[in-house]
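Shown below: run_30.pdb, with PDB, C-alpha atoms, pLDDT in the B column.
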```pdb
MODEL        1
ATOM      1  CA  MET A 196      10.711   6.431  54.098  1.00 56.00           C
ATOM      2  CA  LEU A 197      12.899   4.938  56.820  1.00 69.00           C
ATOM      3  CA  ASN A 198      11.277   4.344  60.194  1.00 87.00           C
ATOM      4  CA  VAL A 199      12.758   5.975  63.274  1.00 89.00           C
ATOM      5  CA  TYR A 200      14.861   2.967  64.267  1.00 89.00           C
ATOM      6  CA  ARG A 201      16.488   2.713  60.856  1.00 93.00           C
ATOM      7  CA  ARG A 202      17.133   6.465  60.818  1.00 94.00           C
ATOM      8  CA  LEU A 203      18.785   6.175  64.227  1.00 95.00           C
ATOM      9  CA  ALA A 204      20.971   3.370  62.847  1.00 95.00           C
ATOM     10  CA  VAL A 205      21.990   5.590  59.920  1.00 97.00           C
ATOM     11  CA  LEU A 206      22.662   8.466  62.326  1.00 97.00           C
ATOM     12  CA  ASP A 207      24.997   6.227  64.342  1.00 97.00           C
ATOM     13  CA  GLN A 208      26.898   5.373  61.160  1.00 97.00           C
ATOM     14  CA  LEU A 209      27.162   9.060  60.244  1.00 98.00           C
ATOM     15  CA  TYR A 210      28.545   9.850  63.699  1.00 97.00           C
ATOM     16  CA  LYS A 211      31.045   6.985  63.401  1.00 96.00           C
ATOM     17  CA  ILE A 212      32.355   8.183  60.039  1.00 97.00           C
ATOM     18  CA  TYR A 213      32.687  11.741  61.330  1.00 95.00           C
ATOM     19  CA  ASP A 214      34.426  10.650  64.539  1.00 93.00           C
ATOM     20  CA  GLN A 215      36.944   8.717  62.433  1.00 94.00           C
ATOM     21  CA  PHE A 216      37.530  11.859  60.380  1.00 93.00           C
ATOM     22  CA  VAL A 217      38.087  13.940  63.535  1.00 89.00           C
ATOM     23  CA  ASP A 218      40.564  11.351  64.840  1.00 88.00           C
ATOM     24  CA  SER A 219      42.780  12.220  61.854  1.00 87.00           C
ATOM     25  CA  LEU A 220      42.850  15.920  62.758  1.00 77.00           C
ATOM     26  CA  ASP A 221      45.226  17.813  65.006  1.00 74.00           C
ATOM     27  CA  ILE A 222      42.807  19.510  67.403  1.00 68.00           C
ATOM     28  CA  ALA A 223      43.110  21.175  70.790  1.00 55.00           C
ATOM     29  CA  CYS A 224      39.690  20.113  72.130  1.00 61.00           C
ATOM     30  CA  GLU A 225      39.703  18.096  75.353  1.00 62.00           C
ATOM     31  CA  LYS A 226      37.500  17.335  78.358  1.00 67.00           C
ATOM     32  CA  PHE A 227      36.498  20.403  80.429  1.00 60.00           C
ATOM     33  CA  CYS A 228      37.340  22.699  77.505  1.00 72.00           C
ATOM     34  CA  ALA A 229      33.831  24.108  77.161  1.00 70.00           C
ATOM     35  CA  ASP A 230      34.183  27.607  75.727  1.00 75.00           C
ATOM     36  CA  CYS A 231      32.312  26.548  72.565  1.00 82.00           C
ATOM     37  CA  CYS A 232      29.472  24.977  74.584  1.00 86.00           C
ATOM     38  CA  THR A 233      27.059  27.879  74.191  1.00 90.00           C
ATOM     39  CA  CYS A 234      23.268  28.019  74.280  1.00 93.00           C
ATOM     40  CA  ASN A 235      23.267  28.571  70.498  1.00 94.00           C
ATOM     41  CA  VAL A 236      23.800  24.976  69.305  1.00 95.00           C
ATOM     42  CA  THR A 237      21.213  23.661  66.831  1.00 96.00           C
ATOM     43  CA  MET A 238      20.039  20.105  66.255  1.00 97.00           C
ATOM     44  CA  THR A 239      17.448  17.927  64.530  1.00 97.00           C
ATOM     45  CA  THR A 240      14.596  15.991  66.080  1.00 96.00           C
ATOM     46  CA  ILE A 241      16.155  12.620  65.174  1.00 97.00           C
ATOM     47  CA  GLU A 242      19.234  13.592  67.230  1.00 98.00           C
ATOM     48  CA  ALA A 243      16.988  14.670  70.081  1.00 97.00           C
ATOM     49  CA  HIS A 244      15.136  11.353  69.905  1.00 95.00           C
ATOM     50  CA  LYS A 245      18.469   9.523  70.212  1.00 96.00           C
ATOM     51  CA  ILE A 246      19.289  11.480  73.370  1.00 97.00           C
ATOM     52  CA  VAL A 247      15.878  11.416  75.031  1.00 96.00           C
ATOM     53  CA  SER A 248      15.278   7.712  74.414  1.00 94.00           C
ATOM     54  CA  ALA A 249      18.476   6.937  76.365  1.00 95.00           C
ATOM     55  CA  LEU A 250      17.370   8.829  79.493  1.00 94.00           C
ATOM     56  CA  ASP A 251      15.480   7.465  82.478  1.00 93.00           C
ATOM     57  CA  ILE A 252      12.417   9.268  83.849  1.00 92.00           C
ATOM     58  CA  ASP A 253      14.297  11.258  86.492  1.00 93.00           C
ATOM     59  CA  SER A 254      16.939  12.386  83.975  1.00 93.00           C
ATOM     60  CA  LYS A 255      14.218  13.540  81.591  1.00 93.00           C
ATOM     61  CA  LYS A 256      12.580  15.590  84.346  1.00 91.00           C
ATOM     62  CA  THR A 257      15.901  17.160  85.316  1.00 92.00           C
ATOM     63  CA  MET A 258      16.690  18.000  81.702  1.00 94.00           C
ATOM     64  CA  GLN A 259      13.203  19.395  81.077  1.00 91.00           C
ATOM     65  CA  ASN A 260      13.522  21.718  84.078  1.00 91.00           C
ATOM     66  CA  LYS A 261      16.866  23.046  82.843  1.00 92.00           C
ATOM     67  CA  LEU A 262      15.556  23.537  79.318  1.00 92.00           C
ATOM     68  CA  ASN A 263      12.397  25.306  80.479  1.00 88.00           C
ATOM     69  CA  GLN A 264      14.570  27.842  82.282  1.00 88.00           C
ATOM     70  CA  GLN A 265      16.794  28.251  79.231  1.00 89.00           C
ATOM     71  CA  MET A 266      13.842  28.937  76.922  1.00 85.00           C
ATOM     72  CA  LYS A 267      13.051  32.062  78.950  1.00 87.00           C
ATOM     73  CA  LYS A 268      16.460  33.456  77.932  1.00 92.00           C
ATOM     74  CA  GLN A 269      17.906  34.817  74.724  1.00 93.00           C
ATOM     75  CA  ARG A 270      19.322  32.158  72.410  1.00 95.00           C
ATOM     76  CA  PHE A 271      19.921  31.547  68.714  1.00 95.00           C
ATOM     77  CA  ILE A 272      16.741  30.533  66.892  1.00 94.00           C
ATOM     78  CA  PRO A 273      17.582  29.640  63.278  1.00 96.00           C
ATOM     79  CA  LYS A 274      15.397  30.782  60.386  1.00 95.00           C
ATOM     80  CA  ILE A 275      16.546  28.185  57.840  1.00 96.00           C
ATOM     81  CA  THR A 276      18.080  24.723  57.857  1.00 97.00           C
ATOM     82  CA  THR A 277      21.344  23.691  56.184  1.00 97.00           C
ATOM     83  CA  ASN A 278      19.603  22.099  53.196  1.00 97.00           C
ATOM     84  CA  GLN A 279      17.426  25.174  52.790  1.00 97.00           C
ATOM     85  CA  LEU A 280      20.609  27.262  52.801  1.00 95.00           C
ATOM     86  CA  ALA A 281      22.025  25.053  50.050  1.00 94.00           C
ATOM     87  CA  ASP A 282      18.898  25.591  47.950  1.00 95.00           C
ATOM     88  CA  ILE A 283      19.155  29.355  48.483  1.00 95.00           C
ATOM     89  CA  CYS A 284      22.796  29.310  47.370  1.00 90.00           C
ATOM     90  CA  LEU A 285      21.859  27.357  44.235  1.00 87.00           C
ATOM     91  CA  SER A 286      19.236  29.942  43.307  1.00 90.00           C
ATOM     92  CA  ASP A 287      21.690  32.828  43.933  1.00 87.00           C
ATOM     93  CA  ASP A 288      19.335  34.335  46.489  1.00 90.00           C
ATOM     94  CA  ASP A 289      20.420  35.891  49.766  1.00 91.00           C
ATOM     95  CA  PRO A 290      19.805  33.916  52.977  1.00 91.00           C
ATOM     96  CA  PRO A 291      17.863  35.635  55.748  1.00 93.00           C
ATOM     97  CA  GLU A 292      19.885  37.586  58.267  1.00 93.00           C
ATOM     98  CA  GLU A 293      20.383  35.689  61.505  1.00 93.00           C
ATOM     99  CA  ILE A 294      21.728  37.040  64.782  1.00 90.00           C
ATOM    100  CA  ILE A 295      23.886  34.840  67.010  1.00 91.00           C
ATOM    101  CA  ASP A 296      25.926  35.923  70.013  1.00 90.00           C
ATOM    102  CA  PRO A 297      28.060  33.582  72.193  1.00 85.00           C
ATOM    103  CA  SER A 298      27.660  36.020  75.091  1.00 89.00           C
ATOM    104  CA  TRP A 299      24.053  34.861  75.463  1.00 94.00           C
ATOM    105  CA  GLY A 300      25.341  32.085  77.683  1.00 92.00           C
ATOM    106  CA  THR A 301      26.435  28.473  77.984  1.00 92.00           C
ATOM    107  CA  CYS A 302      24.629  25.264  77.107  1.00 94.00           C
ATOM    108  CA  PRO A 303      21.962  24.633  79.780  1.00 94.00           C
ATOM    109  CA  LEU A 304      23.064  20.990  80.063  1.00 94.00           C
ATOM    110  CA  LEU A 305      26.684  21.790  80.909  1.00 90.00           C
ATOM    111  CA  THR A 306      27.694  20.671  84.415  1.00 90.00           C
ATOM    112  CA  ASP A 307      31.040  21.832  85.858  1.00 88.00           C
ATOM    113  CA  ASN A 308      32.358  22.389  82.311  1.00 86.00           C
ATOM    114  CA  ALA A 309      31.506  18.802  81.381  1.00 89.00           C
ATOM    115  CA  CYS A 310      28.777  17.491  79.074  1.00 92.00           C
ATOM    116  CA  PRO A 311      26.458  14.969  80.803  1.00 91.00           C
ATOM    117  CA  ILE A 312      25.346  13.545  77.440  1.00 93.00           C
ATOM    118  CA  TYR A 313      28.749  13.636  75.712  1.00 90.00           C
ATOM    119  CA  ASN A 314      28.478  10.242  73.992  1.00 92.00           C
ATOM    120  CA  LEU A 315      25.004  11.181  72.720  1.00 95.00           C
ATOM    121  CA  ARG A 316      25.771  14.814  71.835  1.00 94.00           C
ATOM    122  CA  PRO A 317      24.311  16.123  68.557  1.00 96.00           C
ATOM    123  CA  PHE A 318      26.382  16.870  65.489  1.00 96.00           C
ATOM    124  CA  GLY A 319      26.266  20.599  66.215  1.00 94.00           C
ATOM    125  CA  CYS A 320      28.507  19.823  69.203  1.00 91.00           C
ATOM    126  CA  ARG A 321      30.622  17.130  67.531  1.00 91.00           C
ATOM    127  CA  CYS A 322      31.648  19.413  64.672  1.00 88.00           C
ATOM    128  CA  MET A 323      33.086  22.143  66.905  1.00 85.00           C
ATOM    129  CA  VAL A 324      36.710  21.005  66.562  1.00 80.00           C
ATOM    130  CA  SER A 325      39.339  23.716  66.927  1.00 63.00           C
ATOM    131  CA  LYS A 326      43.045  23.753  66.098  1.00 61.00           C
ATOM    132  CA  GLN A 327      43.644  25.987  69.109  1.00 65.00           C
ATOM    133  CA  ARG A 328      42.193  26.400  72.580  1.00 67.00           C
ATOM    134  CA  CYS A 329      39.190  28.721  72.379  1.00 62.00           C
ATOM    135  CA  ALA A 330      40.025  30.007  75.867  1.00 60.00           C
ATOM    136  CA  ASP A 331      43.382  31.328  74.604  1.00 60.00           C
ATOM    137  CA  THR A 332      42.027  33.503  71.796  1.00 67.00           C
ATOM    138  CA  GLY A 333      38.294  33.753  72.440  1.00 61.00           C
ATOM    139  CA  ALA A 334      37.335  31.876  69.273  1.00 65.00           C
ATOM    140  CA  ALA A 335      37.644  28.479  67.635  1.00 67.00           C
ATOM    141  CA  GLU A 336      39.966  28.022  64.658  1.00 64.00           C
ATOM    142  CA  ILE A 337      38.444  25.534  62.225  1.00 78.00           C
ATOM    143  CA  ASP A 338      40.079  24.615  58.924  1.00 89.00           C
ATOM    144  CA  GLU A 339      38.053  25.547  55.829  1.00 92.00           C
ATOM    145  CA  PHE A 340      37.984  21.941  54.632  1.00 93.00           C
ATOM    146  CA  VAL A 341      36.645  20.817  58.019  1.00 91.00           C
ATOM    147  CA  ILE A 342      33.876  23.414  57.681  1.00 92.00           C
ATOM    148  CA  THR A 343      32.981  21.929  54.294  1.00 96.00           C
ATOM    149  CA  VAL A 344      32.905  18.423  55.781  1.00 95.00           C
ATOM    150  CA  ASN A 345      30.718  19.720  58.617  1.00 94.00           C
ATOM    151  CA  HIS A 346      28.226  21.182  56.159  1.00 96.00           C
ATOM    152  CA  VAL A 347      27.997  17.878  54.289  1.00 97.00           C
ATOM    153  CA  PHE A 348      27.262  15.910  57.462  1.00 97.00           C
ATOM    154  CA  LEU A 349      24.694  18.476  58.571  1.00 97.00           C
ATOM    155  CA  GLN A 350      22.994  18.064  55.185  1.00 98.00           C
ATOM    156  CA  TYR A 351      22.964  14.270  55.406  1.00 97.00           C
ATOM    157  CA  ILE A 352      21.592  14.291  58.957  1.00 98.00           C
ATOM    158  CA  GLU A 353      18.827  16.673  57.948  1.00 98.00           C
ATOM    159  CA  HIS A 354      18.102  14.545  54.875  1.00 97.00           C
ATOM    160  CA  ILE A 355      17.553  11.340  56.848  1.00 96.00           C
ATOM    161  CA  ASN A 356      15.281  13.378  59.135  1.00 96.00           C
ATOM    162  CA  GLN A 357      13.491  15.267  56.362  1.00 94.00           C
ATOM    163  CA  ASN A 358      10.098  14.556  57.931  1.00 93.00           C
ATOM    164  CA  GLY A 359      11.329  16.068  61.207  1.00 94.00           C
ATOM    165  CA  PHE A 360      12.383  19.483  62.444  1.00 95.00           C
ATOM    166  CA  SER A 361      15.454  21.524  63.358  1.00 97.00           C
ATOM    167  CA  GLY A 362      15.991  24.289  65.888  1.00 96.00           C
ATOM    168  CA  ASN A 363      17.893  25.423  68.934  1.00 96.00           C
ATOM    169  CA  LEU A 364      19.057  22.531  71.128  1.00 96.00           C
ATOM    170  CA  SER A 365      16.936  23.720  74.059  1.00 95.00           C
ATOM    171  CA  ASP A 366      13.759  23.982  72.012  1.00 94.00           C
ATOM    172  CA  VAL A 367      14.174  20.674  70.192  1.00 95.00           C
ATOM    173  CA  LEU A 368      15.064  18.688  73.306  1.00 95.00           C
ATOM    174  CA  ALA A 369      12.319  20.253  75.439  1.00 92.00           C
ATOM    175  CA  HIS A 370       9.592  19.579  72.909  1.00 87.00           C
ATOM    176  CA  THR A 371      10.927  16.089  72.229  1.00 92.00           C
ATOM    177  CA  ILE A 372      10.714  15.184  75.914  1.00 92.00           C
ATOM    178  CA  PHE A 373       7.235  16.672  76.144  1.00 84.00           C
ATOM    179  CA  ASN A 374       5.937  14.919  73.030  1.00 80.00           C
ATOM    180  CA  GLU A 375       7.764  11.636  73.403  1.00 71.00           C
ATOM    181  CA  SER A 376       5.780   8.561  72.421  1.00 47.00           C
ATOM    182  CA  ALA A 377       7.451   5.584  74.057  1.00 42.00           C
ATOM    183  CA  ASP A 378       7.842   2.251  72.267  1.00 45.00           C
ATOM    184  CA  THR A 379       5.742   3.202  69.243  1.00 43.00           C
ATOM    185  CA  GLY A 380       8.485   3.091  66.618  1.00 44.00           C
ATOM    186  CA  THR A 381       7.266   6.432  65.324  1.00 43.00           C
ATOM    187  CA  GLU A 382       9.043   9.751  65.537  1.00 45.00           C
ATOM    188  CA  ILE A 383       7.775  12.719  67.488  1.00 41.00           C
ATOM    189  CA  THR A 384       5.601  15.201  65.628  1.00 43.00           C
ATOM    190  CA  ILE A 385       6.348  18.796  66.575  1.00 42.00           C
ATOM    191  CA  GLN A 386       4.610  21.973  65.449  1.00 45.00           C
ATOM    192  CA  GLN A 387       6.319  24.963  67.053  1.00 59.00           C
ATOM    193  CA  THR A 388       7.209  28.427  65.792  1.00 76.00           C
ATOM    194  CA  THR A 389      10.758  28.025  67.131  1.00 89.00           C
ATOM    195  CA  LEU A 390      11.332  24.910  65.028  1.00 95.00           C
ATOM    196  CA  ILE A 391      11.811  24.611  61.252  1.00 95.00           C
ATOM    197  CA  LYS A 392      10.616  21.783  59.020  1.00 96.00           C
ATOM    198  CA  ASN A 393      13.595  19.907  57.600  1.00 97.00           C
ATOM    199  CA  SER A 394      14.251  19.621  53.866  1.00 97.00           C
ATOM    200  CA  PRO A 395      15.694  16.844  51.684  1.00 97.00           C
ATOM    201  CA  LEU A 396      19.207  17.129  50.305  1.00 96.00           C
ATOM    202  CA  SER A 397      19.222  18.488  46.745  1.00 94.00           C
ATOM    203  CA  ALA A 398      22.841  19.656  46.379  1.00 93.00           C
ATOM    204  CA  LEU A 399      25.930  19.470  48.582  1.00 95.00           C
ATOM    205  CA  LEU A 400      27.652  22.607  49.858  1.00 90.00           C
ATOM    206  CA  VAL A 401      31.100  21.612  48.565  1.00 95.00           C
ATOM    207  CA  PRO A 402      33.292  24.286  46.903  1.00 94.00           C
ATOM    208  CA  PRO A 403      35.300  23.221  43.818  1.00 95.00           C
ATOM    209  CA  GLU A 404      38.633  23.285  45.677  1.00 97.00           C
ATOM    210  CA  HIS A 405      37.418  20.636  48.151  1.00 97.00           C
ATOM    211  CA  ARG A 406      35.654  18.215  45.805  1.00 96.00           C
ATOM    212  CA  GLU A 407      38.550  15.858  45.243  1.00 97.00           C
ATOM    213  CA  LYS A 408      39.679  15.837  48.851  1.00 96.00           C
ATOM    214  CA  ILE A 409      36.215  15.110  50.225  1.00 97.00           C
ATOM    215  CA  GLU A 410      35.480  12.233  47.835  1.00 97.00           C
ATOM    216  CA  PRO A 411      36.623   9.445  50.259  1.00 97.00           C
ATOM    217  CA  ILE A 412      34.226  10.815  52.871  1.00 97.00           C
ATOM    218  CA  LEU A 413      31.396  10.989  50.347  1.00 97.00           C
ATOM    219  CA  ALA A 414      32.134   7.405  49.312  1.00 97.00           C
ATOM    220  CA  ALA A 415      31.831   6.316  52.955  1.00 97.00           C
ATOM    221  CA  LEU A 416      28.530   8.171  53.277  1.00 97.00           C
ATOM    222  CA  ARG A 417      27.159   6.607  50.105  1.00 95.00           C
ATOM    223  CA  ALA A 418      28.109   3.167  51.442  1.00 96.00           C
ATOM    224  CA  ILE A 419      25.958   3.528  54.580  1.00 95.00           C
ATOM    225  CA  LYS A 420      23.439   0.721  54.876  1.00 83.00           C
ATOM    226  CA  ALA A 421      19.934   1.741  55.925  1.00 73.00           C
TER     227      ALA A 421
ENDMDL
END
```

What does the file become when written as structure tokens?
Amino acid sequence: MLNVYRRLAVLDQLYKIYDQFVDSLDIACEKFCADCCTCNVTMTTIEAHKIVSALDIDSKKTMQNKLNQQMKKQRFIPKITTNQLADICLSDDDPPEEIIDPSWGTCPLLTDNACPIYNLRPFGCRCMVSKQRCADTGAAEIDEFVITVNHVFLQYIEHINQNGFSGNLSDVLAHTIFNESADTGTEITIQQTTLIKNSPLSALLVPPEHREKIEPILAALRAIKA
């Protein structure tokens, strides 16, 4: 099992490959376009560790205060992870019903329509890439192949963090700050009802029509050095 520093190094490589993929797309997303920055984003604990470890003490306190307020409000709390969804699909079972509503509010970290942790943002934010301005139509327009690519990256990120947890951004970040163990080289252990234990990758969520097109991306992922 990779230690936390090696998992963070793999996460950086995953982000780099995805950012290169996004650079090849024709998207409308730009700075201060924050309609997709809702309170419903999910993330893993390894992504939270990357963010929290880059903050100074005052920034952590400010973030914790914002997140504590957010956790009193309605937000999306997932019931399953992406790899668990893949396993459910393989067994032909039905996934649990989940309720998500963008009207529940914006990301608690958002400041004047700008993200204060943009360079560190989790994949749940990175993968929201729209071909049109969300403000113009009220919704993002994401190509079906991009959605497939997004699922694959979500599965890989969860896989490298299979001993960690997933959940709503507010919950994961708040508990990560609270439970942070500085300079130990070990990842945070979290036991909370709002968080879900991650699962290893057993099968990729790639439909037949996308298998050939996604192969260069899969080759890049397989070439990642841990």

message: Could you list, as an MDAnalysis selection string, every residue within 9 Å of region 416-418 of chain A, counting only C-alpha atoms and ignoring same-chain residues fewer than 6 positions away?
response: chainID A and resid 208:209 212 348 351

field: Among listed residues A:Asp218, A:Asp230, A:Asp366, A:Asp251, nearest Ser298 (chain A) (using only C-alpha atoms)
entry: A:Asp230

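With all atoms listed in the file taken into account, the protein and nucleic acid residues at most 6 Å from region 307-317 of chain A (excluding it and anything under 2 positions from it in its own chain) are Phe227, Ala229, Glu242, Ile246, Leu305, Gly319 and Cys320 of chain A.
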
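If all atoms listed in the file are the atoms counted, then among A:Asp296, A:Cys234, A:Phe318, A:Thr240 the closest residue to Asn358 (chain A) is A:Thr240.
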
Distance in Å - CA of His354 (chain A) versus CA of Ala243 (chain A): 15.2 Å

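Proximity of A:Leu206, A:Ile355, A:Leu304, A:Ala249 to Thr233 (chain A), computed with all atoms listed in the file, is greatest for A:Leu304.
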
Leu396 (chain A) surroundings by only C-alpha atoms, 12 Å radius, close-in-sequence under 2 positions cut, as number ranges by chain: A: 276-282, 346-357, 393-394, 398-400

Using the chain letters and numbers from the file, which residues does the PyMOL selection byres ((chain A and resi 390) around 9) grab, as a short mmCIF file (atom, residue, chain, number, x, y, z; two decimals) with C-alpha atoms, in the frame of the given file?
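Once everything was written out, this is result_5.cif:
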```cif
data_model
loop_
_atom_site.label_atom_id
_atom_site.label_comp_id
_atom_site.auth_asym_id
_atom_site.auth_seq_id
_atom_site.Cartn_x
_atom_site.Cartn_y
_atom_site.Cartn_z
CA ILE A 272 16.74 30.53 66.89
CA PRO A 273 17.58 29.64 63.28
CA LYS A 274 15.40 30.78 60.39
CA PHE A 360 12.38 19.48 62.44
CA SER A 361 15.45 21.52 63.36
CA GLY A 362 15.99 24.29 65.89
CA ASN A 363 17.89 25.42 68.93
CA ASP A 366 13.76 23.98 72.01
CA VAL A 367 14.17 20.67 70.19
CA ILE A 385 6.35 18.80 66.58
CA GLN A 386 4.61 21.97 65.45
CA GLN A 387 6.32 24.96 67.05
CA THR A 388 7.21 28.43 65.79
CA THR A 389 10.76 28.02 67.13
CA ILE A 391 11.81 24.61 61.25
CA LYS A 392 10.62 21.78 59.02
#
```
